[in-house]
>>> print(open('upload.cif').read())   # mmCIF, C-alpha atoms and all ligand atoms
data_work
#
loop_
_atom_site.group_PDB
_atom_site.id
_atom_site.type_symbol
_atom_site.label_atom_id
_atom_site.label_comp_id
_atom_site.auth_asym_id
_atom_site.auth_seq_id
_atom_site.Cartn_x
_atom_site.Cartn_y
_atom_site.Cartn_z
ATOM 1 C CA MET O 1 108.827 126.524 115.236
ATOM 2 C CA THR O 2 105.319 127.944 115.048
ATOM 3 C CA LEU O 3 102.665 125.743 113.489
ATOM 4 C CA ASN O 4 99.140 126.686 112.395
ATOM 5 C CA ALA O 5 100.174 130.255 111.740
ATOM 6 C CA LYS O 6 99.135 132.299 108.724
ATOM 7 C CA VAL O 7 101.718 134.672 107.301
ATOM 8 C CA SER O 8 100.305 137.997 106.128
ATOM 9 C CA ALA O 9 103.477 139.913 105.189
ATOM 10 C CA VAL O 10 107.163 139.307 104.476
ATOM 11 C CA ARG O 11 109.322 142.412 104.021
ATOM 12 C CA ASN O 12 112.985 143.201 103.484
ATOM 13 C CA LEU O 13 114.322 145.582 106.125
ATOM 14 C CA PRO O 14 116.152 148.725 104.971
ATOM 15 C CA ASP O 15 119.946 148.637 104.522
ATOM 16 C CA ASN O 16 120.003 144.881 103.887
ATOM 17 C CA GLU O 17 119.498 144.260 107.589
ATOM 18 C CA GLY O 18 117.292 141.216 107.261
ATOM 19 C CA VAL O 19 113.578 140.556 106.999
ATOM 20 C CA GLU O 20 110.422 141.050 108.981
ATOM 21 C CA VAL O 21 107.557 138.551 108.935
ATOM 22 C CA GLU O 22 104.025 139.231 110.168
ATOM 23 C CA TYR O 23 101.865 136.262 111.045
ATOM 24 C CA THR O 24 98.737 135.377 112.987
ATOM 25 C CA ASP O 25 98.237 132.345 115.213
ATOM 26 C CA HIS O 26 95.722 131.431 117.930
ATOM 27 C CA LEU O 27 97.343 133.982 120.255
ATOM 28 C CA GLY O 28 96.991 136.889 117.835
ATOM 29 C CA GLN O 29 99.229 138.806 115.456
ATOM 30 C CA HIS O 30 103.018 138.754 115.749
ATOM 31 C CA THR O 31 106.071 140.176 114.021
ATOM 32 C CA VAL O 32 109.465 138.484 113.919
ATOM 33 C CA ARG O 33 112.771 139.595 112.443
ATOM 34 C CA ALA O 34 115.378 137.315 110.916
ATOM 35 C CA ASP O 35 118.444 137.359 108.661
ATOM 36 C CA ALA O 36 116.489 135.902 105.752
ATOM 37 C CA ALA O 37 113.100 134.408 104.892
ATOM 38 C CA ILE O 38 112.254 131.346 102.825
ATOM 39 C CA THR O 39 108.688 131.171 101.593
ATOM 40 C CA ALA O 40 107.352 127.723 100.672
ATOM 41 C CA VAL O 41 103.756 128.603 99.839
ATOM 42 C CA PRO O 42 101.741 128.001 96.665
ATOM 43 C CA HIS O 43 102.982 130.537 94.139
ATOM 44 C CA PRO O 44 99.748 132.633 93.922
ATOM 45 C CA VAL O 45 100.165 133.420 97.645
ATOM 46 C CA ILE O 46 103.512 135.176 97.193
ATOM 47 C CA SER O 47 102.199 138.351 95.583
ATOM 48 C CA ARG O 48 99.729 138.680 98.456
ATOM 49 C CA ILE O 49 102.236 138.331 101.281
ATOM 50 C CA VAL O 50 105.262 140.128 99.806
ATOM 51 C CA PRO O 51 103.816 143.638 99.449
ATOM 52 C CA ASP O 52 107.001 145.223 98.073
ATOM 53 C CA LEU O 53 107.470 142.679 95.293
ATOM 54 C CA PRO O 54 108.323 144.618 92.104
ATOM 55 C CA ALA O 55 106.000 144.607 89.103
ATOM 56 C CA ASP O 56 108.248 142.371 86.956
ATOM 57 C CA ARG O 57 108.341 139.753 89.726
ATOM 58 C CA ARG O 58 104.563 139.855 90.123
ATOM 59 C CA ALA O 59 104.187 139.444 86.368
ATOM 60 C CA ALA O 60 106.568 136.453 86.340
ATOM 61 C CA LEU O 61 104.531 134.771 89.082
ATOM 62 C CA SER O 62 101.225 135.428 87.373
ATOM 63 C CA ASN O 63 102.614 133.896 84.156
ATOM 64 C CA LEU O 64 102.563 130.569 85.996
ATOM 65 C CA ASP O 65 99.182 128.869 86.156
ATOM 66 C CA PHE O 66 97.995 126.217 88.625
ATOM 67 C CA ALA O 67 95.600 123.278 88.798
ATOM 68 C CA ARG O 68 93.066 122.291 91.438
ATOM 69 C CA MET O 69 92.192 118.692 92.133
ATOM 70 C CA ILE O 70 89.534 116.721 93.949
ATOM 71 C CA ARG O 71 90.409 113.492 95.661
ATOM 72 C CA HIS O 72 87.638 111.029 96.353
ATOM 73 C CA ASN O 73 88.265 108.272 98.898
ATOM 74 C CA ALA O 74 85.529 105.639 99.066
ATOM 75 C CA GLN O 75 85.167 102.401 100.923
ATOM 76 C CA TYR O 76 83.708 99.328 99.212
ATOM 77 C CA SER O 77 82.343 96.309 101.043
ATOM 78 C CA GLU O 78 84.382 93.935 98.884
ATOM 79 C CA ARG O 79 87.643 94.436 97.022
ATOM 80 C CA VAL O 80 86.101 93.180 93.785
ATOM 81 C CA TRP O 81 88.736 94.939 91.669
ATOM 82 C CA GLU O 82 91.212 92.497 93.216
ATOM 83 C CA THR O 83 89.181 89.395 94.061
ATOM 84 C CA LYS O 84 86.977 89.249 90.923
ATOM 85 C CA HIS O 85 88.876 91.273 88.325
ATOM 86 C CA GLY O 86 92.502 90.574 89.194
ATOM 87 C CA PHE O 87 93.592 94.191 89.441
ATOM 88 C CA ASP O 88 96.957 94.242 91.168
ATOM 89 C CA GLY O 89 98.892 97.414 90.523
ATOM 90 C CA SER O 90 99.428 100.929 91.745
ATOM 91 C CA GLY O 91 96.554 102.466 89.783
ATOM 92 C CA VAL O 92 94.608 102.841 86.552
ATOM 93 C CA TYR O 93 94.124 105.800 84.240
ATOM 94 C CA THR O 94 90.661 106.416 82.791
ATOM 95 C CA ASP O 95 89.000 108.848 80.393
ATOM 96 C CA GLN O 96 86.177 109.367 82.902
ATOM 97 C CA THR O 97 85.674 112.047 85.578
ATOM 98 C CA ALA O 98 88.344 110.478 87.764
ATOM 99 C CA THR O 99 91.439 110.280 85.621
ATOM 100 C CA TRP O 100 93.491 108.171 88.015
ATOM 101 C CA ILE O 101 92.335 105.590 90.538
ATOM 102 C CA THR O 102 94.483 103.829 93.059
ATOM 103 C CA ASN O 103 93.558 101.037 95.459
ATOM 104 C CA SER O 104 94.342 100.371 99.090
ATOM 105 C CA PRO O 105 97.254 97.967 99.531
ATOM 106 C CA PRO O 106 96.381 94.250 99.643
ATOM 107 C CA GLY O 107 95.608 93.001 103.136
ATOM 108 C CA ASP O 108 93.514 90.544 105.081
ATOM 109 C CA PHE O 109 90.390 92.650 104.711
ATOM 110 C CA GLU O 110 87.316 91.937 102.688
ATOM 111 C CA SER O 111 86.565 95.625 102.253
ATOM 112 C CA GLY O 112 88.843 98.094 100.505
ATOM 113 C CA VAL O 113 89.310 101.714 99.556
ATOM 114 C CA LEU O 114 89.630 103.274 96.123
ATOM 115 C CA ALA O 115 91.169 106.733 95.903
ATOM 116 C CA ALA O 116 90.067 108.558 92.758
ATOM 117 C CA TYR O 117 91.838 111.667 91.447
ATOM 118 C CA ILE O 118 89.690 114.212 89.631
ATOM 119 C CA ASN O 119 91.939 116.579 87.717
ATOM 120 C CA GLU O 120 91.272 119.644 85.574
ATOM 121 C CA PRO O 121 89.032 120.718 83.951
ATOM 122 C CA ALA O 122 86.558 118.528 85.896
ATOM 123 C CA ALA O 123 87.999 119.646 89.251
ATOM 124 C CA THR O 124 87.095 123.286 88.620
ATOM 125 C CA ASP O 125 83.678 122.313 87.191
ATOM 126 C CA LEU O 126 82.784 120.335 90.319
ATOM 127 C CA TRP O 127 84.416 122.754 92.776
ATOM 128 C CA THR O 128 82.362 124.119 95.668
ATOM 129 C CA GLY O 129 83.422 126.585 98.348
ATOM 130 C CA PRO O 130 86.305 129.053 98.430
ATOM 131 C CA VAL O 131 88.357 129.401 95.256
ATOM 132 C CA ASP O 132 91.227 131.569 96.407
ATOM 133 C CA ASP O 133 92.155 130.329 99.860
ATOM 134 C CA PHE O 134 95.231 128.171 99.361
ATOM 135 C CA VAL O 135 94.847 125.867 102.346
ATOM 136 C CA PRO O 136 96.183 122.361 101.657
ATOM 137 C CA HIS O 137 92.727 120.746 101.360
ATOM 138 C CA PHE O 138 89.188 120.805 102.741
ATOM 139 C CA LEU O 139 86.159 118.505 102.701
ATOM 140 C CA MET O 140 83.414 119.065 100.150
ATOM 141 C CA ASP O 141 79.967 119.605 101.713
ATOM 142 C CA ASP O 142 77.767 116.508 102.084
ATOM 143 C CA GLY O 143 75.268 117.270 99.278
ATOM 144 C CA PRO O 144 77.699 117.959 96.427
ATOM 145 C CA GLY O 145 80.060 115.342 97.864
ATOM 146 C CA ARG O 146 77.354 112.687 97.641
ATOM 147 C CA ALA O 147 76.678 113.704 94.010
ATOM 148 C CA VAL O 148 80.368 113.205 93.172
ATOM 149 C CA THR O 149 80.359 109.807 94.912
ATOM 150 C CA GLU O 150 77.317 108.647 92.954
ATOM 151 C CA ARG O 151 78.760 109.902 89.658
ATOM 152 C CA LEU O 152 82.039 108.080 90.235
ATOM 153 C CA HIS O 153 80.243 104.921 91.266
ATOM 154 C CA GLN O 154 78.234 104.966 88.017
ATOM 155 C CA GLU O 155 81.424 105.376 86.024
ATOM 156 C CA LEU O 156 83.446 102.770 87.912
ATOM 157 C CA THR O 157 80.861 99.987 87.906
ATOM 158 C CA PRO O 158 81.371 99.145 84.200
ATOM 159 C CA ILE O 159 85.129 98.980 84.842
ATOM 160 C CA TRP O 160 84.804 96.744 87.902
ATOM 161 C CA PRO O 161 81.298 95.175 87.879
ATOM 162 C CA GLY O 162 80.075 94.228 91.337
ATOM 163 C CA LEU O 163 81.414 97.286 93.165
ATOM 164 C CA ASP O 164 79.369 97.753 96.307
ATOM 165 C CA PRO O 165 80.024 101.187 97.803
ATOM 166 C CA VAL O 166 79.572 101.933 101.471
ATOM 167 C CA LEU O 167 78.183 105.345 100.551
ATOM 168 C CA ASN O 168 78.504 106.851 104.007
ATOM 169 C CA GLU O 169 82.180 106.015 103.976
ATOM 170 C CA ALA O 170 83.175 108.326 101.154
ATOM 171 C CA ARG O 171 85.198 111.502 101.664
ATOM 172 C CA VAL O 172 85.626 114.136 98.976
ATOM 173 C CA TRP O 173 88.674 116.339 99.489
ATOM 174 C CA GLN O 174 89.159 119.543 97.554
ATOM 175 C CA VAL O 175 92.774 120.556 96.992
ATOM 176 C CA PRO O 176 92.956 124.237 95.949
ATOM 177 C CA TYR O 177 96.538 124.008 94.691
ATOM 178 C CA TYR O 178 97.540 120.611 93.326
ATOM 179 C CA GLY O 179 100.504 121.979 91.461
ATOM 180 C CA PRO O 180 101.825 124.490 88.941
ATOM 181 C CA VAL O 181 100.870 124.493 85.259
ATOM 182 C CA TYR O 182 103.618 125.770 82.975
ATOM 183 C CA PRO O 183 102.461 127.483 79.788
ATOM 184 C CA PRO O 184 105.239 127.207 77.127
ATOM 185 C CA ARG O 185 105.800 130.968 77.215
ATOM 186 C CA TYR O 186 106.578 130.745 80.922
ATOM 187 C CA VAL O 187 110.014 129.324 80.155
ATOM 188 C CA LEU O 188 110.613 131.240 76.908
ATOM 189 C CA ASP O 189 109.851 134.695 78.337
ATOM 190 C CA GLY O 190 112.257 134.285 81.253
ATOM 191 C CA SER O 191 109.636 133.948 84.009
ATOM 192 C CA TYR O 192 110.870 130.466 84.959
ATOM 193 C CA ALA O 193 114.405 131.775 85.527
ATOM 194 C CA LEU O 194 113.273 134.979 87.263
ATOM 195 C CA ASN O 195 111.093 133.114 89.758
ATOM 196 C CA ARG O 196 114.165 131.314 91.098
ATOM 197 C CA GLU O 197 115.848 134.557 92.063
ATOM 198 C CA PRO O 198 115.600 135.818 95.639
ATOM 199 C CA PHE O 199 114.036 139.211 96.228
ATOM 200 C CA GLY O 200 116.455 140.892 98.605
ATOM 201 C CA ARG O 201 116.711 138.474 101.510
ATOM 202 C CA ILE O 202 113.465 136.703 100.681
ATOM 203 C CA HIS O 203 114.022 133.315 99.003
ATOM 204 C CA PHE O 204 111.409 131.226 97.264
ATOM 205 C CA GLY O 205 111.019 127.519 97.977
ATOM 206 C CA GLY O 206 108.266 125.091 97.025
ATOM 207 C CA ASP O 207 107.924 122.480 94.297
ATOM 208 C CA TRP O 208 106.503 124.950 91.762
ATOM 209 C CA VAL O 209 109.892 126.666 91.318
ATOM 210 C CA TYR O 210 111.220 123.602 89.469
ATOM 211 C CA GLY O 211 108.170 121.528 88.666
ATOM 212 C CA PHE O 212 105.791 119.376 90.652
ATOM 213 C CA GLY O 213 106.010 116.790 93.412
ATOM 214 C CA ALA O 214 107.867 116.104 96.616
ATOM 215 C CA ASN O 215 111.219 115.593 94.835
ATOM 216 C CA ASP O 216 111.112 119.074 93.346
ATOM 217 C CA ALA O 217 110.091 120.596 96.696
ATOM 218 C CA VAL O 218 113.063 118.938 98.424
ATOM 219 C CA ARG O 219 115.460 119.796 95.607
ATOM 220 C CA ARG O 220 114.418 123.422 95.720
ATOM 221 C CA GLY O 221 114.732 123.454 99.521
ATOM 222 C CA ARG O 222 118.324 122.219 99.228
ATOM 223 C CA ASP O 223 119.177 124.929 96.695
ATOM 224 C CA VAL O 224 117.794 127.679 98.889
ATOM 225 C CA VAL O 225 119.632 126.419 101.954
ATOM 226 C CA ASP O 226 122.874 126.229 99.919
ATOM 227 C CA ALA O 227 122.364 129.822 98.755
ATOM 228 C CA LEU O 228 121.990 130.958 102.366
ATOM 229 C CA ARG O 229 125.069 129.137 103.667
ATOM 230 C CA PRO O 230 127.722 131.638 104.785
HETATM 231 C C1 LIG H 301 96.282 114.137 96.701
HETATM 232 C C2 LIG H 301 97.724 114.431 96.390
HETATM 233 C C3 LIG H 301 98.586 113.396 96.129
HETATM 234 C C4 LIG H 301 99.928 113.650 95.849
HETATM 235 N N1 LIG H 301 100.756 112.586 95.607
HETATM 236 C C5 LIG H 301 102.061 112.808 95.400
HETATM 237 C C6 LIG H 301 102.962 111.721 95.205
HETATM 238 O O1 LIG H 301 102.562 110.555 95.233
HETATM 239 N N2 LIG H 301 104.283 112.008 94.984
HETATM 240 C C7 LIG H 301 104.753 113.289 94.962
HETATM 241 O O2 LIG H 301 105.961 113.496 94.784
HETATM 242 N N3 LIG H 301 103.923 114.343 95.137
HETATM 243 C C8 LIG H 301 102.596 114.133 95.354
HETATM 244 N N4 LIG H 301 101.751 115.191 95.533
HETATM 245 C C9 LIG H 301 102.296 116.550 95.414
HETATM 246 C C10 LIG H 301 103.003 116.963 96.698
HETATM 247 O O3 LIG H 301 102.079 116.911 97.779
HETATM 248 C C11 LIG H 301 103.517 118.397 96.508
HETATM 249 O O4 LIG H 301 104.374 118.439 95.378
HETATM 250 C C12 LIG H 301 104.311 118.867 97.717
HETATM 251 O O5 LIG H 301 103.521 118.805 98.897
HETATM 252 C C13 LIG H 301 104.768 120.308 97.487
HETATM 253 O O6 LIG H 301 105.475 120.722 98.634
HETATM 254 P P1 LIG H 301 105.598 122.245 98.962
HETATM 255 O O7 LIG H 301 106.361 122.323 100.238
HETATM 256 O O8 LIG H 301 106.095 122.979 97.766
HETATM 257 O O9 LIG H 301 104.095 122.774 99.164
HETATM 258 P P2 LIG H 301 102.919 122.281 100.117
HETATM 259 O O10 LIG H 301 103.193 120.935 100.693
HETATM 260 O O11 LIG H 301 101.666 122.489 99.318
HETATM 261 O O12 LIG H 301 102.979 123.313 101.304
HETATM 262 C C14 LIG H 301 102.608 124.661 101.144
HETATM 263 C C15 LIG H 301 102.168 125.132 102.516
HETATM 264 O O13 LIG H 301 101.978 126.548 102.499
HETATM 265 C C16 LIG H 301 100.977 126.807 103.455
HETATM 266 N N5 LIG H 301 100.479 128.182 103.288
HETATM 267 C C17 LIG H 301 99.747 128.727 102.282
HETATM 268 N N6 LIG H 301 99.515 130.028 102.525
HETATM 269 C C18 LIG H 301 100.125 130.324 103.705
HETATM 270 C C19 LIG H 301 100.257 131.510 104.495
HETATM 271 N N7 LIG H 301 99.732 132.686 104.108
HETATM 272 N N8 LIG H 301 100.943 131.433 105.678
HETATM 273 C C20 LIG H 301 101.496 130.268 106.087
HETATM 274 N N9 LIG H 301 101.415 129.116 105.382
HETATM 275 C C21 LIG H 301 100.735 129.154 104.209
HETATM 276 C C22 LIG H 301 99.930 125.742 103.177
HETATM 277 O O14 LIG H 301 99.072 125.609 104.292
HETATM 278 C C23 LIG H 301 100.840 124.519 102.971
HETATM 279 O O15 LIG H 301 101.045 123.812 104.178
HETATM 280 C C24 LIG H 301 100.408 114.976 95.816
HETATM 281 C C25 LIG H 301 99.532 116.042 96.089
HETATM 282 C C26 LIG H 301 98.206 115.771 96.378
HETATM 283 C C27 LIG H 301 97.280 116.926 96.681
#
>>> encode(input="upload.cif", output="structure tokens")
Amino acid sequence: MTLNAKVSAVRNLPDNEGVEVEYTDHLGQHTVRADAAITAVPHPVISRIVPDLPADRRAALSNLDFARMIRHNAQYSERVWETKHGFDGSGVYTDQTATWITNSPPGDFESGVLAAYINEPAATDLWTGPVDDFVPHFLMDDGPGRAVTERLHQELTPIWPGLDPVLNEARVWQVPYYGPVYPPRYVLDGSYALNREPFGRIHFGGDWVYGFGANDAVRRGRDVVDALRP
């Protein structure tokens, strides 16, 4: 297993002889051959790394949209949402910038953490930094990050009066690919079905093939492994 490696190309070999994968790690660029390849990358990455992908397959992938998200983790000196306002659940939905907020589990601490999820379209509006590098997540720079923290604090205070943020203990994570967005035509025009098909000996895993979330990623992984069983 090679970790921290970036794949740049996945190709079918002639005469159905397997696949070749090019990747780069801290030691440089490498090429490996195998019987088959399973990609499990965000779907916009596939057209970049499978150079021989036919036009209809590229079109089917580009018919699927995706959403970014920003996750804001902030520490508060007192868990007022719990101690003063009786909030005791997995999270709340709001019509503010952060559409979902979840709290750290109850414990013997006075302080606590709120994790706020900023979804689209606000995520793209607030986005800073690279827009097309599909790494799992990266920290927002201090300046814009602080602005997000202050904005969320202003919006959360009326919900839970008495919130006292430890402003230096906030982290703003940008997630370039939160998950797929299915336009209705994506299913009707056959793209959804086509994107499940292997291309030669290259198979496509990842949650986006079926939907969103860890369950769909695992379910898809099982399907691909079943398809490859002799
Ligand atoms: C903040 C947050 C909270 C979430 N909470 C939940 C939850 O509570 N429950 C739930 O079910 N799901 C949750 N999800 C969604 C869940 O994380 C995803 O559905 C799941 O991780 C998808 O798995 P995957 O294997 O398809 O893709 P990912 O886990 O996104 O993995 C794709 C991988 O491809 C790698 N990659 C990209 N390009 C290349 C390249 N060129 N070469 C090599 N590697 C590359 C990326 O680095 C990444 O590691 C959450 C997501 C986020 C961001």
>>> resolve_selection(input="upload.cif", expression="the PyMOL selection byres (((chain O and resi 196) around 12) and not hetatm)", output="PyMOL selection string")
chain O and resi 38-39+43+57+60-61+187+190-195+197-199+202-211+220-221+223-224+227
>>> axis_aligned_box(input="upload.cif", around="ligand LIG 301 (chain H)", padding_each_side="5 Å", output="AutoDock Vina command-line options")
--center_x 101.3 --center_y 121.6 --center_z 100.4 --size_x 20.1 --size_y 32.1 --size_z 21.3
>>> residues_near_ligand(input="upload.cif", ligand="ligand LIG 301 (chain H)", cutoff="8 Å", atoms="all atoms listed in the file", output="PyMOL selection string")
chain O and resi 4-8+23+40-42+45+49+69-71+117+133-137+175+177-179+205-208+212-218
>>> write_last_selection(input="upload.cif", atoms="C-alpha atoms", output="PDB file, in the frame of the given file")
ATOM      1  CA  ASN O   4      99.140 126.686 112.395  1.00  0.00           C
ATOM      2  CA  ALA O   5     100.174 130.255 111.740  1.00  0.00           C
ATOM      3  CA  LYS O   6      99.135 132.299 108.724  1.00  0.00           C
ATOM      4  CA  VAL O   7     101.718 134.672 107.301  1.00  0.00           C
ATOM      5  CA  SER O   8     100.305 137.997 106.128  1.00  0.00           C
ATOM      6  CA  TYR O  23     101.865 136.262 111.045  1.00  0.00           C
ATOM      7  CA  ALA O  40     107.352 127.723 100.672  1.00  0.00           C
ATOM      8  CA  VAL O  41     103.756 128.603  99.839  1.00  0.00           C
ATOM      9  CA  PRO O  42     101.741 128.001  96.665  1.00  0.00           C
ATOM     10  CA  VAL O  45     100.165 133.420  97.645  1.00  0.00           C
ATOM     11  CA  ILE O  49     102.236 138.331 101.281  1.00  0.00           C
ATOM     12  CA  MET O  69      92.192 118.692  92.133  1.00  0.00           C
ATOM     13  CA  ILE O  70      89.534 116.721  93.949  1.00  0.00           C
ATOM     14  CA  ARG O  71      90.409 113.492  95.661  1.00  0.00           C
ATOM     15  CA  TYR O 117      91.838 111.667  91.447  1.00  0.00           C
ATOM     16  CA  ASP O 133      92.155 130.329  99.860  1.00  0.00           C
ATOM     17  CA  PHE O 134      95.231 128.171  99.361  1.00  0.00           C
ATOM     18  CA  VAL O 135      94.847 125.867 102.346  1.00  0.00           C
ATOM     19  CA  PRO O 136      96.183 122.361 101.657  1.00  0.00           C
ATOM     20  CA  HIS O 137      92.727 120.746 101.360  1.00  0.00           C
ATOM     21  CA  VAL O 175      92.774 120.556  96.992  1.00  0.00           C
ATOM     22  CA  TYR O 177      96.538 124.008  94.691  1.00  0.00           C
ATOM     23  CA  TYR O 178      97.540 120.611  93.326  1.00  0.00           C
ATOM     24  CA  GLY O 179     100.504 121.979  91.461  1.00  0.00           C
ATOM     25  CA  GLY O 205     111.019 127.519  97.977  1.00  0.00           C
ATOM     26  CA  GLY O 206     108.266 125.091  97.025  1.00  0.00           C
ATOM     27  CA  ASP O 207     107.924 122.480  94.297  1.00  0.00           C
ATOM     28  CA  TRP O 208     106.503 124.950  91.762  1.00  0.00           C
ATOM     29  CA  PHE O 212     105.791 119.376  90.652  1.00  0.00           C
ATOM     30  CA  GLY O 213     106.010 116.790  93.412  1.00  0.00           C
ATOM     31  CA  ALA O 214     107.867 116.104  96.616  1.00  0.00           C
ATOM     32  CA  ASN O 215     111.219 115.593  94.835  1.00  0.00           C
ATOM     33  CA  ASP O 216     111.112 119.074  93.346  1.00  0.00           C
ATOM     34  CA  ALA O 217     110.091 120.596  96.696  1.00  0.00           C
ATOM     35  CA  VAL O 218     113.063 118.938  98.424  1.00  0.00           C
TER      36      VAL O 218
END
>>> resolve_selection(input="upload.cif", expression="the PyMOL selection byres (((chain O and resi 127) around 9) and not hetatm)", output="list in words")
Arg68, Met69, Ile70, Ala122, Ala123, Thr124, Asp125, Leu126, Thr128, Gly129, Pro130, Val131, Met140 and Gln174 of chain O
>>> closest_residue(input="upload.cif", among="O:Ala98, O:Asp189, O:Pro176, O:Ile159", to="O:Gly86", atoms="only C-alpha atoms")
O:Ile159
>>> decode(input="upload.cif", residues="stretch 138-157 of chain O", atoms="N, CA and C atoms", output="PDB file, in the first residue's frame")
ATOM      1  N   PHE O 138      -8.649  21.599   3.580  1.00  0.00           N
ATOM      2  CA  PHE O 138      -7.499  22.417   3.967  1.00  0.00           C
ATOM      3  C   PHE O 138      -7.992  23.603   4.783  1.00  0.00           C
ATOM      4  N   LEU O 139      -7.080  24.148   5.604  1.00  0.00           N
ATOM      5  CA  LEU O 139      -7.455  25.244   6.511  1.00  0.00           C
ATOM      6  C   LEU O 139      -7.591  26.555   5.755  1.00  0.00           C
ATOM      7  N   MET O 140      -8.621  27.324   6.099  1.00  0.00           N
ATOM      8  CA  MET O 140      -8.756  28.667   5.533  1.00  0.00           C
ATOM      9  C   MET O 140      -7.696  29.566   6.175  1.00  0.00           C
ATOM     10  N   ASP O 141      -7.183  30.541   5.416  1.00  0.00           N
ATOM     11  CA  ASP O 141      -6.183  31.460   5.975  1.00  0.00           C
ATOM     12  C   ASP O 141      -6.766  32.220   7.171  1.00  0.00           C
ATOM     13  N   ASP O 142      -5.857  32.710   8.037  1.00  0.00           N
ATOM     14  CA  ASP O 142      -6.284  33.350   9.290  1.00  0.00           C
ATOM     15  C   ASP O 142      -7.283  34.492   9.101  1.00  0.00           C
ATOM     16  N   GLY O 143      -6.963  35.432   8.163  1.00  0.00           N
ATOM     17  CA  GLY O 143      -7.813  36.624   8.009  1.00  0.00           C
ATOM     18  C   GLY O 143      -9.243  36.271   7.646  1.00  0.00           C
ATOM     19  N   PRO O 144      -9.456  35.609   6.489  1.00  0.00           N
ATOM     20  CA  PRO O 144     -10.824  35.231   6.135  1.00  0.00           C
ATOM     21  C   PRO O 144     -11.435  34.258   7.138  1.00  0.00           C
ATOM     22  N   GLY O 145     -10.599  33.423   7.743  1.00  0.00           N
ATOM     23  CA  GLY O 145     -11.115  32.471   8.740  1.00  0.00           C
ATOM     24  C   GLY O 145     -11.692  33.213   9.936  1.00  0.00           C
ATOM     25  N   ARG O 146     -10.980  34.252  10.378  1.00  0.00           N
ATOM     26  CA  ARG O 146     -11.450  35.041  11.517  1.00  0.00           C
ATOM     27  C   ARG O 146     -12.787  35.722  11.170  1.00  0.00           C
ATOM     28  N   ALA O 147     -12.901  36.197   9.911  1.00  0.00           N
ATOM     29  CA  ALA O 147     -14.154  36.851   9.495  1.00  0.00           C
ATOM     30  C   ALA O 147     -15.316  35.858   9.560  1.00  0.00           C
ATOM     31  N   VAL O 148     -15.067  34.615   9.149  1.00  0.00           N
ATOM     32  CA  VAL O 148     -16.133  33.600   9.212  1.00  0.00           C
ATOM     33  C   VAL O 148     -16.506  33.344  10.672  1.00  0.00           C
ATOM     34  N   THR O 149     -15.488  33.227  11.532  1.00  0.00           N
ATOM     35  CA  THR O 149     -15.742  32.973  12.958  1.00  0.00           C
ATOM     36  C   THR O 149     -16.609  34.085  13.552  1.00  0.00           C
ATOM     37  N   GLU O 150     -16.261  35.337  13.234  1.00  0.00           N
ATOM     38  CA  GLU O 150     -17.018  36.446  13.822  1.00  0.00           C
ATOM     39  C   GLU O 150     -18.453  36.471  13.288  1.00  0.00           C
ATOM     40  N   ARG O 151     -18.595  36.173  12.003  1.00  0.00           N
ATOM     41  CA  ARG O 151     -19.948  36.146  11.405  1.00  0.00           C
ATOM     42  C   ARG O 151     -20.805  35.060  12.068  1.00  0.00           C
ATOM     43  N   LEU O 152     -20.222  33.885  12.252  1.00  0.00           N
ATOM     44  CA  LEU O 152     -21.000  32.806  12.869  1.00  0.00           C
ATOM     45  C   LEU O 152     -21.340  33.150  14.314  1.00  0.00           C
ATOM     46  N   HIS O 153     -20.380  33.764  15.001  1.00  0.00           N
ATOM     47  CA  HIS O 153     -20.647  34.104  16.398  1.00  0.00           C
ATOM     48  C   HIS O 153     -21.826  35.069  16.493  1.00  0.00           C
ATOM     49  N   GLN O 154     -21.838  36.071  15.587  1.00  0.00           N
ATOM     50  CA  GLN O 154     -22.960  37.033  15.585  1.00  0.00           C
ATOM     51  C   GLN O 154     -24.281  36.324  15.340  1.00  0.00           C
ATOM     52  N   GLU O 155     -24.266  35.328  14.478  1.00  0.00           N
ATOM     53  CA  GLU O 155     -25.517  34.645  14.147  1.00  0.00           C
ATOM     54  C   GLU O 155     -25.942  33.652  15.232  1.00  0.00           C
ATOM     55  N   LEU O 156     -24.964  33.092  15.933  1.00  0.00           N
ATOM     56  CA  LEU O 156     -25.305  32.064  16.929  1.00  0.00           C
ATOM     57  C   LEU O 156     -25.712  32.660  18.273  1.00  0.00           C
ATOM     58  N   THR O 157     -25.229  33.868  18.565  1.00  0.00           N
ATOM     59  CA  THR O 157     -25.524  34.447  19.879  1.00  0.00           C
ATOM     60  C   THR O 157     -27.026  34.593  20.143  1.00  0.00           C
TER      61      THR O 157
END
